[in-house]
Each structure stands twice: as C-alpha cells, then as structure tokens.
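Participant: entry.pdb is reproduced below (PDB, C-alpha atoms and all ligand atoms).
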```pdb
ATOM      1  CA  MET A 947      17.320  87.361  13.084
ATOM      2  CA  ASP A 948      16.931  89.044  16.431
ATOM      3  CA  ILE A 949      13.973  87.941  18.497
ATOM      4  CA  PHE A 950      12.319  89.176  21.706
ATOM      5  CA  ALA A 951      13.932  92.587  21.943
ATOM      6  CA  CYS A 952      13.312  95.123  24.722
ATOM      7  CA  LYS A 953      13.162  98.792  23.789
ATOM      8  CA  ILE A 954      14.345 101.435  26.243
ATOM      9  CA  LYS A 955      13.574 105.042  25.440
ATOM     10  CA  GLU A 956      15.933 107.803  26.510
ATOM     11  CA  SER A 957      14.891 111.445  26.194
ATOM     12  CA  HIS A 958      15.990 114.755  27.654
ATOM     13  CA  LEU A 959      13.318 117.067  29.019
ATOM     14  CA  ASP A 960      13.431 120.822  29.109
ATOM     15  CA  ILE A 961      12.180 121.298  32.661
ATOM     16  CA  ASP A 962      13.134 123.670  35.461
ATOM     17  CA  ASN A 963      14.851 121.117  37.712
ATOM     18  CA  ASP A 964      15.467 123.637  40.507
ATOM     19  CA  LYS A 965      11.733 124.251  40.734
ATOM     20  CA  LEU A 966      11.024 120.502  40.692
ATOM     21  CA  TYR A 967      13.666 119.946  43.363
ATOM     22  CA  SER A 968      12.242 122.558  45.712
ATOM     23  CA  LEU A 969       8.754 121.094  45.280
ATOM     24  CA  ILE A 970      10.059 117.599  46.105
ATOM     25  CA  SER A 971      12.157 118.908  49.022
ATOM     26  CA  ASN A 972       9.084 120.531  50.465
ATOM     27  CA  ILE A 973       7.111 117.263  50.316
ATOM     28  CA  TYR A 974      10.134 115.371  51.658
ATOM     29  CA  SER A 975      10.365 117.577  54.740
ATOM     30  CA  HIS A 976       6.674 117.105  55.602
ATOM     31  CA  HIS A 977       6.011 113.430  54.795
ATOM     32  CA  ALA A 978       7.531 110.228  56.155
ATOM     33  CA  GLY A 979       7.268 108.527  52.772
ATOM     34  CA  ARG A 980       6.615 104.879  52.022
ATOM     35  CA  SER A 981       8.681 101.732  51.944
ATOM     36  CA  GLU A 982       8.864  99.915  48.619
ATOM     37  CA  SER A 983      12.122  99.019  46.838
ATOM     38  CA  ASN A 984      13.942 101.865  48.611
ATOM     39  CA  LYS A 985      16.658 100.751  51.012
ATOM     40  CA  GLY A 986      17.504 103.724  53.186
ATOM     41  CA  GLY A 987      16.145 106.228  50.724
ATOM     42  CA  TRP A 988      12.881 108.141  50.822
ATOM     43  CA  GLN A 989       9.976 107.535  48.457
ATOM     44  CA  SER A 990       6.914 109.766  48.356
ATOM     45  CA  GLU A 991       3.303 108.734  48.079
ATOM     46  CA  ASN A 992       1.568 109.282  44.736
ATOM     47  CA  ILE A 993       2.029 113.015  44.000
ATOM     48  CA  ILE A 994       0.516 113.111  40.514
ATOM     49  CA  SER A 995      -1.764 116.024  41.425
ATOM     50  CA  LYS A 996       1.262 118.171  42.304
ATOM     51  CA  LEU A 997       3.150 117.393  39.084
ATOM     52  CA  THR A 998       0.677 118.165  36.314
ATOM     53  CA  ASP A 999       3.247 120.058  34.179
ATOM     54  CA  PHE A1000       5.628 117.121  34.447
ATOM     55  CA  VAL A1001       2.900 114.660  33.448
ATOM     56  CA  ASP A1002       2.052 116.810  30.410
ATOM     57  CA  LYS A1003       5.704 116.640  29.301
ATOM     58  CA  ILE A1004       6.129 112.877  29.644
ATOM     59  CA  LYS A1005       2.863 111.810  27.995
ATOM     60  CA  PRO A1006       3.883 112.558  24.367
ATOM     61  CA  ILE A1007       7.211 110.797  24.909
ATOM     62  CA  VAL A1008       5.530 107.648  26.178
ATOM     63  CA  LYS A1009       3.093 107.891  23.254
ATOM     64  CA  GLU A1010       6.095 107.943  20.871
ATOM     65  CA  TYR A1011       7.555 104.899  22.612
ATOM     66  CA  VAL A1012       4.295 102.974  22.379
ATOM     67  CA  ASP A1013       4.004 103.865  18.676
ATOM     68  CA  GLU A1014       7.564 102.672  18.072
ATOM     69  CA  ILE A1015       6.831  99.235  19.495
ATOM     70  CA  LYS A1016       3.521  99.086  17.602
ATOM     71  CA  LEU A1017       1.110  98.907  20.492
ATOM     72  CA  ASN A1018      -2.252 100.540  20.699
ATOM     73  CA  ILE A1019      -3.041 101.651  24.233
ATOM     74  CA  GLU A1020      -4.828 104.535  25.912
ATOM     75  CA  LEU A1021      -2.123 106.092  28.035
ATOM     76  CA  ASP A1022      -3.138 106.787  31.575
ATOM     77  CA  VAL A1023      -0.479 108.010  33.999
ATOM     78  CA  THR A1024      -1.601 106.294  37.184
ATOM     79  CA  GLN A1025       1.149 107.018  39.669
ATOM     80  CA  VAL A1026       3.959 109.530  39.993
ATOM     81  CA  TRP A1027       6.313 109.501  42.950
ATOM     82  CA  ALA A1028       9.577 111.098  43.989
ATOM     83  CA  ASN A1029      12.690 109.363  45.268
ATOM     84  CA  VAL A1030      15.498 110.820  47.358
ATOM     85  CA  ASN A1031      18.566 108.634  47.870
ATOM     86  CA  LYS A1032      21.310 109.962  50.123
ATOM     87  CA  TYR A1033      24.763 108.465  50.755
ATOM     88  CA  LYS A1034      24.697 104.635  50.470
ATOM     89  CA  ASP A1035      20.928 104.504  49.838
ATOM     90  CA  TYR A1036      19.878 102.175  47.032
ATOM     91  CA  ASN A1037      16.845 100.389  45.557
ATOM     92  CA  ALA A1038      16.491  96.622  45.508
ATOM     93  CA  GLN A1039      15.693  94.737  42.307
ATOM     94  CA  HIS A1040      12.000  94.785  41.447
ATOM     95  CA  PHE A1041       9.456  95.316  38.695
ATOM     96  CA  HIS A1042       6.123  97.118  38.679
ATOM     97  CA  LEU A1043       3.011  94.985  38.950
ATOM     98  CA  GLN A1044      -0.268  96.201  37.457
ATOM     99  CA  SER A1045       1.449  98.635  35.144
ATOM    100  CA  ASN A1046       2.383  98.603  31.449
ATOM    101  CA  PHE A1047       5.137 101.186  31.216
ATOM    102  CA  THR A1048       7.411 102.729  33.780
ATOM    103  CA  GLY A1049       9.711 105.718  33.639
ATOM    104  CA  VAL A1050      12.362 107.489  35.653
ATOM    105  CA  TYR A1051      13.279 111.137  35.373
ATOM    106  CA  PHE A1052      16.470 112.448  36.974
ATOM    107  CA  VAL A1053      16.057 115.751  38.793
ATOM    108  CA  LYS A1054      19.320 116.031  40.719
ATOM    109  CA  GLY A1055      22.482 114.078  41.398
ATOM    110  CA  LYS A1056      25.956 113.416  40.109
ATOM    111  CA  LYS A1057      26.945 110.602  37.745
ATOM    112  CA  GLU A1058      28.233 108.537  40.695
ATOM    113  CA  ALA A1059      24.994 108.931  42.685
ATOM    114  CA  GLY A1060      23.790 105.438  41.705
ATOM    115  CA  ASN A1061      23.219 103.908  38.282
ATOM    116  CA  LEU A1062      19.808 102.655  37.299
ATOM    117  CA  LEU A1063      20.366  98.972  36.520
ATOM    118  CA  LEU A1064      18.121  97.266  33.981
ATOM    119  CA  HIS A1065      18.364  93.494  34.365
ATOM    120  CA  ASN A1066      18.370  90.960  31.525
ATOM    121  CA  PRO A1067      14.755  89.733  31.304
ATOM    122  CA  PHE A1068      15.533  86.245  30.019
ATOM    123  CA  THR A1069      14.748  84.153  33.070
ATOM    124  CA  ASN A1070      17.312  81.408  32.426
ATOM    125  CA  PHE A1071      20.069  83.706  31.209
ATOM    126  CA  ASN A1072      22.110  83.880  34.411
ATOM    127  CA  TYR A1073      21.391  80.286  35.361
ATOM    128  CA  CYS A1074      22.680  78.769  32.128
ATOM    129  CA  TRP A1075      25.491  81.097  31.096
ATOM    130  CA  PHE A1076      26.913  82.427  34.311
ATOM    131  CA  ASN A1077      26.360  79.645  36.812
ATOM    132  CA  GLY A1078      28.486  76.724  35.702
ATOM    133  CA  LYS A1079      31.321  76.910  33.208
ATOM    134  CA  LEU A1080      31.631  80.679  33.062
ATOM    135  CA  VAL A1081      30.945  82.344  29.759
ATOM    136  CA  LYS A1082      33.516  85.044  29.066
ATOM    137  CA  ILE A1083      32.207  88.219  27.464
ATOM    138  CA  ILE A1084      34.472  89.659  24.770
ATOM    139  CA  THR A1085      32.467  92.811  24.135
ATOM    140  CA  PRO A1086      29.352  93.613  26.186
ATOM    141  CA  ASN A1087      26.285  93.834  23.986
ATOM    142  CA  GLN A1088      22.533  93.203  23.947
ATOM    143  CA  TYR A1089      23.035  89.434  23.570
ATOM    144  CA  ASN A1090      25.451  88.806  26.422
ATOM    145  CA  SER A1091      24.882  91.441  29.128
ATOM    146  CA  GLN A1092      23.383  90.667  32.515
ATOM    147  CA  VAL A1093      22.647  94.313  33.212
ATOM    148  CA  VAL A1094      22.529  97.634  31.410
ATOM    149  CA  LYS A1095      23.683 100.596  33.506
ATOM    150  CA  ILE A1096      22.215 104.052  33.109
ATOM    151  CA  TYR A1097      23.890 106.827  35.046
ATOM    152  CA  PRO A1098      21.825 109.615  36.601
ATOM    153  CA  GLN A1099      21.895 112.937  34.801
ATOM    154  CA  PRO A1100      19.486 115.812  35.510
ATOM    155  CA  GLY A1101      17.074 116.177  32.584
ATOM    156  CA  LYS A1102      17.326 112.543  31.456
ATOM    157  CA  LEU A1103      14.145 110.507  31.115
ATOM    158  CA  ILE A1104      14.133 106.722  30.734
ATOM    159  CA  VAL A1105      11.019 104.763  29.774
ATOM    160  CA  PHE A1106      10.867 100.961  29.840
ATOM    161  CA  PRO A1107       8.294  98.160  30.074
ATOM    162  CA  SER A1108       7.051  97.649  33.636
ATOM    163  CA  TRP A1109       7.870  93.934  33.479
ATOM    164  CA  LEU A1110      11.586  94.709  33.237
ATOM    165  CA  GLN A1111      13.423  94.072  36.511
ATOM    166  CA  HIS A1112      15.439  97.062  37.684
ATOM    167  CA  SER A1113      17.354  98.362  40.686
ATOM    168  CA  VAL A1114      19.430 101.361  41.754
ATOM    169  CA  GLU A1115      23.047 101.170  42.891
ATOM    170  CA  PRO A1116      24.090 102.847  46.156
ATOM    171  CA  ASN A1117      24.637 106.578  46.042
ATOM    172  CA  LEU A1118      28.398 107.007  46.416
ATOM    173  CA  THR A1119      28.278 110.790  46.702
ATOM    174  CA  ASN A1120      27.406 113.087  49.570
ATOM    175  CA  GLU A1121      24.780 114.792  47.462
ATOM    176  CA  GLU A1122      21.184 113.726  47.096
ATOM    177  CA  ARG A1123      20.090 111.651  44.111
ATOM    178  CA  VAL A1124      16.592 112.879  43.321
ATOM    179  CA  SER A1125      14.373 111.260  40.732
ATOM    180  CA  ILE A1126      10.720 111.024  39.773
ATOM    181  CA  SER A1127       9.229 107.666  38.803
ATOM    182  CA  PHE A1128       5.905 106.976  37.164
ATOM    183  CA  ASP A1129       3.652 104.175  36.050
ATOM    184  CA  ILE A1130       1.487 104.224  32.964
ATOM    185  CA  ASN A1131      -1.380 101.900  32.245
TER
HETATM  186 FE    FE B1201      10.915 100.761  40.062
END
```
I need this file expressed as structure tokens, please.
Facilitator:
Amino acid sequence: MDIFACKIKESHLDIDNDKLYSLISNIYSHHAGRSESNKGGWQSENIISKLTDFVDKIKPIVKEYVDEIKLNIELDVTQVWANVNKYKDYNAQHFHLQSNFTGVYFVKGKKEAGNLLLHNPFTNFNYCWFNGKLVKIITPNQYNSQVVKIYPQPGKLIVFPSWLQHSVEPNLTNEERVSISFDIN
C-alpha cells in the first residue's frame, strides 16, 4: 500500500497571457514590490482586485483538486501576487503559512527560466537516506526523489498544498520569468 501521498494538480488555462503580462508590467514599473522568498526578483503586493478574471478561472480548478483529495472546504482566494524573475533571480525554499492551498500560474518565460522545485515533505527523508551511506537511485520516482522539478511554460497552472516546501531555480535566460502565485484558504 501507498501511504501519505501528496497530490499536485497541473492544468492549462486559456488566458490571454499578453494582456496579463502588460498588466503585471504596468504594476512592476510603478511599485517597488515586497521581499519574501524572492532573491533578486520582484514580487508584487496582493493584487487580487486587479485579477478578478484570473481568480474566476482558477477557482473551479482548485475546487476540482479539493474534491479529488476528498476535503470539504469553502474556497476563499485570499492573496494573489505577481513575480518577475530576471537573469539569475531565484526564490529560496519556503512554504506558505496560514494558507491551505497554493498555486502558481506561468505567464511568460522559457523552459530554462527556472524550474519550480517541490521538495519531498518527509522531514527525515534527506537525513536518513542521503546523509550517511548514500542511497543510489535507480529510477527517480515518488518514493525516492528529493525534489520534483516543474519547468515554466506559459499557460501552465500548478496547485499544491501550502505546507509543501518549494523554491524556484535561478533564471538562466535573459528573458523575464513571470508568474502569478495565489493562496487559498
Ligand atoms: Fe511560494
């Protein structure tokens, strides 16, 4: 039997990314942004009021996810913010406190613009298997992987539990990596 699994939902949204990008660019050029997990990159304040169409599109997808994992929760999108990572910018490992579900939507950026890394949530995993006598992985899978990498792709939406530690690799391109993140309670 498999126990304690973690479901990640991947969807592709039909959204005008050029329009989203120009909206984010406009905010980016007028606001200093805030400092959270972003290292070098820019992160907006909560811009939920400016992204009502986006919120309407993600809600049914999160509802599907919650149904799939058999939870009953009133979905309330509490925070939506934009991220712009330029060359070498990255996001340190973190999770989202005071939130149930978190998502990332990719607006712009090439495949090499920085993977989203989802870290193995078993607290003692690295300590026991990868600290002493090294365990050698034959084929990476859900039982033996330290991280799962998700490459950026405009239109892709990823939803995961807010307790899951995640980070973003450095942007290795000269183009912006633009994404929208959100928290749902
Ligand atoms: Fe995050």
Participant: Using all atoms listed in the file, determine which residues lie at most 10 Å from region 1087-1100 of chain A, disregarding the query and same-chain residues fewer than 2 positions distant; provide the list as a PyMOL selection string.
Facilitator: chain A and resi 948+951-952+956+958-959+961+963+1050-1068+1071-1072+1075-1076+1081-1085+1102-1104+1111-1115+1123-1125
Participant: Using all atoms listed in the file, find each residue of chain A with at least one atom at most 10 Å away from an atom of ligand FE 1201 (chain B); report its shortest atom-to-atom pair and that distance in Å (one decimal), sort the rows by chain and rising residue number, and return the result as JSON lines.
Facilitator:
```
{"residue": "A:Glu982", "atom": "CA", "partner": "B:FE1201", "partner_atom": "FE", "distance": 8.8}
{"residue": "A:Ser983", "atom": "CA", "partner": "B:FE1201", "partner_atom": "FE", "distance": 7.1}
{"residue": "A:Asn984", "atom": "CA", "partner": "B:FE1201", "partner_atom": "FE", "distance": 9.1}
{"residue": "A:Asn1037", "atom": "CA", "partner": "B:FE1201", "partner_atom": "FE", "distance": 8.1}
{"residue": "A:Ala1038", "atom": "CA", "partner": "B:FE1201", "partner_atom": "FE", "distance": 8.8}
{"residue": "A:Gln1039", "atom": "CA", "partner": "B:FE1201", "partner_atom": "FE", "distance": 8.0}
{"residue": "A:His1040", "atom": "CA", "partner": "B:FE1201", "partner_atom": "FE", "distance": 6.2}
{"residue": "A:Phe1041", "atom": "CA", "partner": "B:FE1201", "partner_atom": "FE", "distance": 5.8}
{"residue": "A:His1042", "atom": "CA", "partner": "B:FE1201", "partner_atom": "FE", "distance": 6.2}
{"residue": "A:Leu1043", "atom": "CA", "partner": "B:FE1201", "partner_atom": "FE", "distance": 9.9}
{"residue": "A:Thr1048", "atom": "CA", "partner": "B:FE1201", "partner_atom": "FE", "distance": 7.5}
{"residue": "A:Gly1049", "atom": "CA", "partner": "B:FE1201", "partner_atom": "FE", "distance": 8.2}
{"residue": "A:Val1050", "atom": "CA", "partner": "B:FE1201", "partner_atom": "FE", "distance": 8.2}
{"residue": "A:Leu1062", "atom": "CA", "partner": "B:FE1201", "partner_atom": "FE", "distance": 9.5}
{"residue": "A:Ser1108", "atom": "CA", "partner": "B:FE1201", "partner_atom": "FE", "distance": 8.1}
{"residue": "A:Trp1109", "atom": "CA", "partner": "B:FE1201", "partner_atom": "FE", "distance": 10.0}
{"residue": "A:Leu1110", "atom": "CA", "partner": "B:FE1201", "partner_atom": "FE", "distance": 9.1}
{"residue": "A:Gln1111", "atom": "CA", "partner": "B:FE1201", "partner_atom": "FE", "distance": 8.0}
{"residue": "A:His1112", "atom": "CA", "partner": "B:FE1201", "partner_atom": "FE", "distance": 6.3}
{"residue": "A:Ser1113", "atom": "CA", "partner": "B:FE1201", "partner_atom": "FE", "distance": 6.9}
{"residue": "A:Val1114", "atom": "CA", "partner": "B:FE1201", "partner_atom": "FE", "distance": 8.7}
{"residue": "A:Ser1127", "atom": "CA", "partner": "B:FE1201", "partner_atom": "FE", "distance": 7.2}
{"residue": "A:Phe1128", "atom": "CA", "partner": "B:FE1201", "partner_atom": "FE", "distance": 8.5}
{"residue": "A:Asp1129", "atom": "CA", "partner": "B:FE1201", "partner_atom": "FE", "distance": 9.0}
```
Participant: Hey, can you check how far CA of Phe1047 (chain A) sits from CA of Val1008 (chain A)?
Facilitator: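 CA of Val1008 (chain A) lies 8.2 Å from CA of Phe1047 (chain A).
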Participant: Using all atoms listed in the file, which of the listed residues (A:Lys1034, A:Met947, A:Ser981, A:Lys955) sits closest to Asp1013 (chain A)?
Facilitator: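 Of the candidates, the smallest distance to Asp1013 (chain A) is held by A:Lys955.
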Participant: At what distance in Å, to one decimal, does CA of Val1023 (chain A) lie from CA of Glu991 (chain A)?
Facilitator: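 Between CA of Glu991 (chain A) and CA of Val1023 (chain A) the gap is 14.6 Å.
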Participant: In Å to one decimal, how far is CA of Ile970 (chain A) from CA of Gln1025 (chain A)?
Facilitator: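 According to the coordinates, CA of Gln1025 (chain A) and CA of Ile970 (chain A) are separated by 15.3 Å.
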Participant: Closest to Glu1014 (chain A) among A:Asp1002, A:Lys953, A:Ser971, A:Glu1122, using only C-alpha atoms?
Facilitator: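 Closest residue, counting only C-alpha atoms: A:Lys953.
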Participant: Leaving out Pro1006 (chain A) and any residue of its chain fewer than 3 positions from it, which residues lie within 12 Å of it when counting only C-alpha atoms, given as number ranges by chain?
Facilitator: A: 957, 959, 1000-1003, 1009-1013, 1020-1023, 1105
Participant: Taking 4 positions as the minimum chain separation for residues in the same chain, which residues sit within 8 Å of Gly986 (chain A) when counting only C-alpha atoms? Answer as an NGL selection string.
Facilitator: :A and (1031-1032 or 1034-1036)
Participant: Kindly export the residues of the current selection with C-alpha atoms, as a PDB file, keeping the file's coordinate frame.
Facilitator:
```pdb
ATOM      1  CA  ASN A1031      18.566 108.634  47.870  1.00  0.00           C
ATOM      2  CA  LYS A1032      21.310 109.962  50.123  1.00  0.00           C
ATOM      3  CA  LYS A1034      24.697 104.635  50.470  1.00  0.00           C
ATOM      4  CA  ASP A1035      20.928 104.504  49.838  1.00  0.00           C
ATOM      5  CA  TYR A1036      19.878 102.175  47.032  1.00  0.00           C
TER       6      TYR A1036
END
```
Participant: So, counting only C-alpha atoms, which residue among A:Asn1070, A:Asn1018, A:Thr998, A:Pro1107 is closest to Leu966 (chain A)?
Facilitator: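 Of A:Asn1070, A:Asn1018, A:Thr998, A:Pro1107, the one nearest Leu966 (chain A), counting only C-alpha atoms, is A:Thr998.
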Participant: With all atoms listed in the file as the basis for distance, which of A:Ile1015, A:Ile1126, A:Ile954, A:Ile1004 is at the shortest distance from Leu969 (chain A)?
Facilitator: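 Closest candidate: A:Ile1126.
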Participant: Considering all atoms listed in the file, state which residue in the set A:Ser968, A:Thr1024, A:Asn1046, A:Ser975 is at the smallest distance from Ile993 (chain A).
Facilitator: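 Closest residue, counting all atoms listed in the file: A:Thr1024.
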Participant: Kindly add N, CA and C atoms to the incomplete region 1015-1032 of chain A and provide the output as an mmCIF file, keeping the file's coordinate frame.
Facilitator:
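Result file follows (part.cif):
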```cif
data_model
loop_
_atom_site.group_PDB
_atom_site.id
_atom_site.type_symbol
_atom_site.label_atom_id
_atom_site.label_comp_id
_atom_site.auth_asym_id
_atom_site.auth_seq_id
_atom_site.Cartn_x
_atom_site.Cartn_y
_atom_site.Cartn_z
ATOM 1 N N ILE A 1015 6.903 100.694 19.305
ATOM 2 C CA ILE A 1015 6.831 99.235 19.495
ATOM 3 C C ILE A 1015 5.499 98.669 19.002
ATOM 4 N N LYS A 1016 4.761 99.515 18.283
ATOM 5 C CA LYS A 1016 3.521 99.086 17.602
ATOM 6 C C LYS A 1016 2.478 98.501 18.552
ATOM 7 N N LEU A 1017 2.196 99.284 19.584
ATOM 8 C CA LEU A 1017 1.110 98.907 20.492
ATOM 9 C C LEU A 1017 0.049 99.991 20.433
ATOM 10 N N ASN A 1018 -1.166 99.579 20.646
ATOM 11 C CA ASN A 1018 -2.252 100.540 20.699
ATOM 12 C C ASN A 1018 -2.807 100.527 22.121
ATOM 13 N N ILE A 1019 -2.596 101.615 22.832
ATOM 14 C CA ILE A 1019 -3.041 101.651 24.233
ATOM 15 C C ILE A 1019 -3.408 103.088 24.602
ATOM 16 N N GLU A 1020 -4.469 103.229 25.357
ATOM 17 C CA GLU A 1020 -4.828 104.535 25.912
ATOM 18 C C GLU A 1020 -3.881 104.797 27.073
ATOM 19 N N LEU A 1021 -3.108 105.865 26.987
ATOM 20 C CA LEU A 1021 -2.123 106.092 28.035
ATOM 21 C C LEU A 1021 -2.720 106.828 29.222
ATOM 22 N N ASP A 1022 -2.616 106.194 30.362
ATOM 23 C CA ASP A 1022 -3.138 106.787 31.575
ATOM 24 C C ASP A 1022 -2.023 106.762 32.629
ATOM 25 N N VAL A 1023 -1.520 107.947 32.966
ATOM 26 C CA VAL A 1023 -0.479 108.010 33.999
ATOM 27 C C VAL A 1023 -1.171 107.788 35.340
ATOM 28 N N THR A 1024 -0.858 106.666 35.978
ATOM 29 C CA THR A 1024 -1.601 106.294 37.184
ATOM 30 C C THR A 1024 -0.910 106.715 38.472
ATOM 31 N N GLN A 1025 0.410 106.716 38.444
ATOM 32 C CA GLN A 1025 1.149 107.018 39.669
ATOM 33 C C GLN A 1025 2.408 107.801 39.333
ATOM 34 N N VAL A 1026 2.702 108.794 40.125
ATOM 35 C CA VAL A 1026 3.959 109.530 39.993
ATOM 36 C C VAL A 1026 4.504 109.712 41.411
ATOM 37 N N TRP A 1027 5.750 109.353 41.613
ATOM 38 C CA TRP A 1027 6.313 109.501 42.950
ATOM 39 C C TRP A 1027 7.766 109.947 42.868
ATOM 40 N N ALA A 1028 8.204 110.582 43.947
ATOM 41 C CA ALA A 1028 9.577 111.098 43.989
ATOM 42 C C ALA A 1028 10.448 110.197 44.854
ATOM 43 N N ASN A 1029 11.721 110.175 44.521
ATOM 44 C CA ASN A 1029 12.690 109.363 45.268
ATOM 45 C C ASN A 1029 13.882 110.233 45.654
ATOM 46 N N VAL A 1030 14.289 110.112 46.907
ATOM 47 C CA VAL A 1030 15.498 110.820 47.358
ATOM 48 C C VAL A 1030 16.435 109.788 47.979
ATOM 49 N N ASN A 1031 17.559 109.551 47.335
ATOM 50 C CA ASN A 1031 18.566 108.634 47.870
ATOM 51 C C ASN A 1031 19.776 109.440 48.315
ATOM 52 N N LYS A 1032 20.101 109.303 49.603
ATOM 53 C CA LYS A 1032 21.310 109.962 50.123
ATOM 54 C C LYS A 1032 22.456 108.945 50.121
#
```
